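Everything below concerns the one structure shown next.
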Amino acid sequence: MLNSVSVAKTGSSSIPKVLLQAKKEATMQASGKEKPGTRLGEKGPWDKGHWANRK
Amino acid sequence: MFCRSVTTPIVKPVNGACNLSCSYCYTSGLKECVVKNRMRPEILKTVIDFFCSDQDDIEFIWHGGEPLLAGLKFYREAIEIQHAWRQRGKKITNFLQTNATLITPEWIRFFKENDFLIGVSLDGPKEFHDQVRRYPTGKGSYDEVMRGIDLLRQAEIFNGIICSVSTVNHGFPKRIFNFFIVKNIKKLKFARVKSIGHCDNVSSLVISPTQYADFMITIFDLWLELDDPEVEIRDIQSVVGLILGGNKRECIYMGQCDQFVTVYSDGSIYGCDSFPKTDDLCFGSVFDKPTAVKSNSQLQIFRELLEKRKEFCRACNWYFICKGGCAKDCYEQLDSVEPLSKVCENLQRYFEHISTKIRSYGSYLTENSTFQRERR
């Protein structure tokens with residue numbers, strides 16, 4: 001079951017994809033551009049400037 | 001300048017009424033009658049008109065208790081009322097946070113037709129979830145929740161999970177993370193169970209800021225190790241994004257707690273739901289004019305308090321992320337200006353852990369970032 005988080009890296013110095021994507025999104029946010037090709041169903045609190053729906 | 005106060009309503013059409021009786025829920029001690037507490041149609045119309053009248057982009061967060069107990073007819077009426085505002089050019093988005101046990105194909109059709117964004121509460125694997133998220137009979141709700149999630153997923157309107165972190169599950173971050181990944185649930189939010197409201201036994205479930213930071217640090221490490229860009233963990237994504245120069249913030253890092261208000265079934269307007277029906281945060285009612293609510297004296301006091309808190313925190317290296325933090329989580333009392341040192345220490349530890357990891361990959365990621373600017 002725990003194998004799902006064990007992934008082979010191409011090299012220890014390579015930058016994780018999640019950080020590269022976060023950098024890209026941060027740059028877009030800073031420039032005021034919307035993530036391209038985002039469908040409404042993919043939006044939701046995760047694509048909003050706030051995520052308030054706690055429970 | 002545009003005033004952001006009282007712009008995002010967390011609407012409780014049945015107040016705290018729920019078909020479940022979760023151990024940590026601040027409303028679980030209240031025996032509310034759904035029929036008696038359901039928001040009446042004329043109040044619903046006034047709620048929608050109130051929030052649509054003076055803004056162009058409105059987000060309604062339908063919340064509970066269990067908001068599906070209001071019934072389909074209620075939400076059909078809401079859509080009809082919103083339609084008139086949409087025709088006048090208003091952009092309206094509906095979010096709904098549910099326990100998913102009452103979802104039927106009919107609900108699914110409605111949500112899909114009307115672009116509702118649905119979040120579900122699930123506390124991890126069955127053995128954790130069923131300990132705390134139960135029916136009044138004591139039976140766990142896991143099987144019904146997963147059935148609801150499957151329906152939402154088939155219709156492609158499943159919008160992620162909020163997982164409450166308590167003494168029951170905080171010691172098992174890897175097991176919880178793997179559970180969600182294996183179940184292909186990739187949009188996650190973790191929330192520390194708070195000691196609020198009316199629940200008698202919640203203190204036995206509340207974890208300390210240290211325990212929560214430990215949990216989130218492990219989750220961050222697992223997220224980084226898995227390295228799957230489809231996995232979105234709201235808090236982590238917010239912190240990482242801010243360090244890298246972005247500006248999307250989870251509400252706890254906005255420093256704008258006055259933006260979010262709770263609207264109860266009688267139309268009364270209170271502060272954020274983390275302070276359920278707190279007299280000092282009663283800002284009026286949807287039957288008042290928006291200008292009257294926005295100039296309400298209690299709201300002014302709250303706004304001034306938020307500013308004082310931000311001023312107090314401004315010298316901190318991590319102010320650019322937390323902006324004074326959650327008005328509930330970070331402070332001893334509602335009128336405290338100085339944040340709780342234990343909360344700050346652990347938030348700083350969490351931010352430091354993430355930024356150290358990011359910096360370990362070299363300067364490419366932090367070029368032109370907030371992190372770099374803050375240190376010049």
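Chain identifiers are assigned as A, B, and so on, following the order in which chains appear in the structure tokens; residues are numbered from 1 within each chain, and ligands are numbered from 1 in order of appearance.
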Set the distance at 10 Å and use only C-alpha atoms: which residues neighbour Arg349 of chain B once local chain neighbours fewer than 3 positions away are removed? I'd like the list as a list in words.
Thr210, Ala213, Asp214, Ile217, Val343, Cys344, Glu345, Asn346, Glu352, His353, Ile354 and Ser355 of chain B
Residues from the last selection, N, CA and C atoms, saved as a PDB file, in the first residue's frame:
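part18.pdb, written as the output of this step:
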```
ATOM      1  N   THR B 210       1.799  21.891  17.713  1.00  0.00           N
ATOM      2  CA  THR B 210       3.005  21.106  17.406  1.00  0.00           C
ATOM      3  C   THR B 210       2.628  19.831  16.651  1.00  0.00           C
ATOM      4  N   ALA B 213       1.573  20.752  13.113  1.00  0.00           N
ATOM      5  CA  ALA B 213       2.722  21.107  12.264  1.00  0.00           C
ATOM      6  C   ALA B 213       3.495  19.851  11.870  1.00  0.00           C
ATOM      7  N   ASP B 214       3.690  18.946  12.811  1.00  0.00           N
ATOM      8  CA  ASP B 214       4.376  17.681  12.502  1.00  0.00           C
ATOM      9  C   ASP B 214       3.627  16.938  11.391  1.00  0.00           C
ATOM     10  N   ILE B 217       4.016  18.808   8.021  1.00  0.00           N
ATOM     11  CA  ILE B 217       5.384  18.696   7.489  1.00  0.00           C
ATOM     12  C   ILE B 217       5.568  17.327   6.823  1.00  0.00           C
ATOM     13  N   VAL B 343       1.407  28.633  18.570  1.00  0.00           N
ATOM     14  CA  VAL B 343       0.912  28.553  17.188  1.00  0.00           C
ATOM     15  C   VAL B 343       1.948  29.158  16.249  1.00  0.00           C
ATOM     16  N   CYS B 344       2.485  30.335  16.619  1.00  0.00           N
ATOM     17  CA  CYS B 344       3.475  31.005  15.767  1.00  0.00           C
ATOM     18  C   CYS B 344       4.725  30.142  15.578  1.00  0.00           C
ATOM     19  N   GLU B 345       5.236  29.627  16.685  1.00  0.00           N
ATOM     20  CA  GLU B 345       6.455  28.789  16.611  1.00  0.00           C
ATOM     21  C   GLU B 345       6.276  27.655  15.611  1.00  0.00           C
ATOM     22  N   ASN B 346       5.118  27.047  15.653  1.00  0.00           N
ATOM     23  CA  ASN B 346       4.892  25.879  14.801  1.00  0.00           C
ATOM     24  C   ASN B 346       4.590  26.255  13.361  1.00  0.00           C
ATOM     25  N   GLU B 352       9.363  27.329   7.500  1.00  0.00           N
ATOM     26  CA  GLU B 352      10.822  27.183   7.359  1.00  0.00           C
ATOM     27  C   GLU B 352      11.159  25.860   6.682  1.00  0.00           C
ATOM     28  N   HIS B 353      10.455  24.811   7.078  1.00  0.00           N
ATOM     29  CA  HIS B 353      10.695  23.489   6.482  1.00  0.00           C
ATOM     30  C   HIS B 353      10.442  23.534   4.982  1.00  0.00           C
ATOM     31  N   ILE B 354       9.333  24.121   4.599  1.00  0.00           N
ATOM     32  CA  ILE B 354       8.986  24.175   3.170  1.00  0.00           C
ATOM     33  C   ILE B 354       9.985  25.050   2.411  1.00  0.00           C
ATOM     34  N   SER B 355      10.325  26.213   2.966  1.00  0.00           N
ATOM     35  CA  SER B 355      11.227  27.104   2.228  1.00  0.00           C
ATOM     36  C   SER B 355      12.630  26.515   2.137  1.00  0.00           C
TER      37      SER B 355
END
```
Quick one: residues within 12 Å of Lys24 of chain A, only C-alpha atoms, excluding same-chain residues fewer than 2 positions away - as a PyMOL selection string?
(chain A and resi 17-22+26-31+33-36) or (chain B and resi 229+240-241+244-246+364-367+369)
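Between atom CA of Gln131 of chain B and atom CA of Gly148 of chain B lies a distance of 19.0 Å.
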Report the distance between atom CA of Ser336 of chain B and atom CA of Gly16 of chain B in Å, rounded to one decimal place.
27.3 Å
Option closest in space to chain A, from B:Gly271, B:Gly171, B:Gly324, B:Gly64 [counting only C-alpha atoms]
B:Gly64
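Here atom CA of Asp258 of chain B is placed at a distance of 6.6 Å from atom CA of Arg303 of chain B.
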For Lys323 of chain B, find every residue with an atom within 8 Å (counting only C-alpha atoms), except residues of its own chain fewer than 2 positions away, and show them as JSON, numbers by chain.
{"B": [253, 254, 255, 310, 313, 314, 319, 320, 321, 325]}
Give me the residues within 8 Å of Gln298 of chain B as a ChimeraX atom specification, counting only C-alpha atoms and dropping any in the same chain fewer than 2 places off.
/B:280-283,296,300-302
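Closest to Ser14 of chain A among B:Met146, B:Lys248, B:Asp227, B:Pro136 is B:Asp227, based on only C-alpha atoms.
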Quick check for you: according to DSSP on this backbone, which residues of segment 85-123 of chain B are classed as strand (DSSP E)? Reply as an MDAnalysis selection string.
chainID B and resid 91:98 117:121
Would you mind exporting the chosen residues as an mmCIF file, in the first residue's frame, restricted to N, CA and C atoms?
```cif
data_model
loop_
_atom_site.group_PDB
_atom_site.id
_atom_site.type_symbol
_atom_site.label_atom_id
_atom_site.label_comp_id
_atom_site.auth_asym_id
_atom_site.auth_seq_id
_atom_site.Cartn_x
_atom_site.Cartn_y
_atom_site.Cartn_z
ATOM 1 N N LYS B 91 -21.501 37.529 -12.001
ATOM 2 C CA LYS B 91 -20.885 36.210 -12.060
ATOM 3 C C LYS B 91 -21.071 35.552 -10.682
ATOM 4 N N ILE B 92 -21.777 34.440 -10.681
ATOM 5 C CA ILE B 92 -22.103 33.789 -9.405
ATOM 6 C C ILE B 92 -21.560 32.366 -9.404
ATOM 7 N N THR B 93 -20.873 31.992 -8.339
ATOM 8 C CA THR B 93 -20.369 30.631 -8.199
ATOM 9 C C THR B 93 -20.933 30.041 -6.907
ATOM 10 N N ASN B 94 -21.357 28.797 -7.005
ATOM 11 C CA ASN B 94 -21.893 28.116 -5.826
ATOM 12 C C ASN B 94 -20.962 26.986 -5.386
ATOM 13 N N PHE B 95 -20.504 27.054 -4.148
ATOM 14 C CA PHE B 95 -19.742 25.966 -3.526
ATOM 15 C C PHE B 95 -20.651 25.309 -2.494
ATOM 16 N N LEU B 96 -20.505 24.023 -2.332
ATOM 17 C CA LEU B 96 -21.293 23.353 -1.291
ATOM 18 C C LEU B 96 -20.423 22.312 -0.606
ATOM 19 N N GLN B 97 -20.412 22.365 0.708
ATOM 20 C CA GLN B 97 -19.611 21.421 1.490
ATOM 21 C C GLN B 97 -20.549 20.434 2.173
ATOM 22 N N THR B 98 -20.424 19.160 1.825
ATOM 23 C CA THR B 98 -21.389 18.171 2.299
ATOM 24 C C THR B 98 -20.695 16.957 2.898
ATOM 25 N N LEU B 117 -19.911 23.451 -7.197
ATOM 26 C CA LEU B 117 -18.618 22.851 -6.875
ATOM 27 C C LEU B 117 -18.745 22.197 -5.503
ATOM 28 N N ILE B 118 -18.561 20.898 -5.477
ATOM 29 C CA ILE B 118 -18.905 20.132 -4.276
ATOM 30 C C ILE B 118 -17.658 19.637 -3.545
ATOM 31 N N GLY B 119 -17.548 20.008 -2.296
ATOM 32 C CA GLY B 119 -16.492 19.486 -1.442
ATOM 33 C C GLY B 119 -17.093 18.499 -0.447
ATOM 34 N N VAL B 120 -16.320 17.482 -0.110
ATOM 35 C CA VAL B 120 -16.825 16.424 0.779
ATOM 36 C C VAL B 120 -15.913 16.308 2.005
ATOM 37 N N SER B 121 -16.513 16.013 3.137
ATOM 38 C CA SER B 121 -15.728 15.806 4.357
ATOM 39 C C SER B 121 -15.450 14.318 4.541
#
```
DSSP on the backbone, alpha helix (DSSP H) only: what residues of segment 270-375 of chain B does that give? Format it as a count of residues only.
54
Residues at most 8 Å from Val337 of chain B, counting only C-alpha atoms, excluding those fewer than 3 positions away in the same chain, as a ChimeraX atom specification?
/B:305,308-309,312,331
Between B:Phe128, B:Phe179, B:Phe51, B:Phe172, single out the one closest to chain A, counting only C-alpha atoms.
B:Phe179
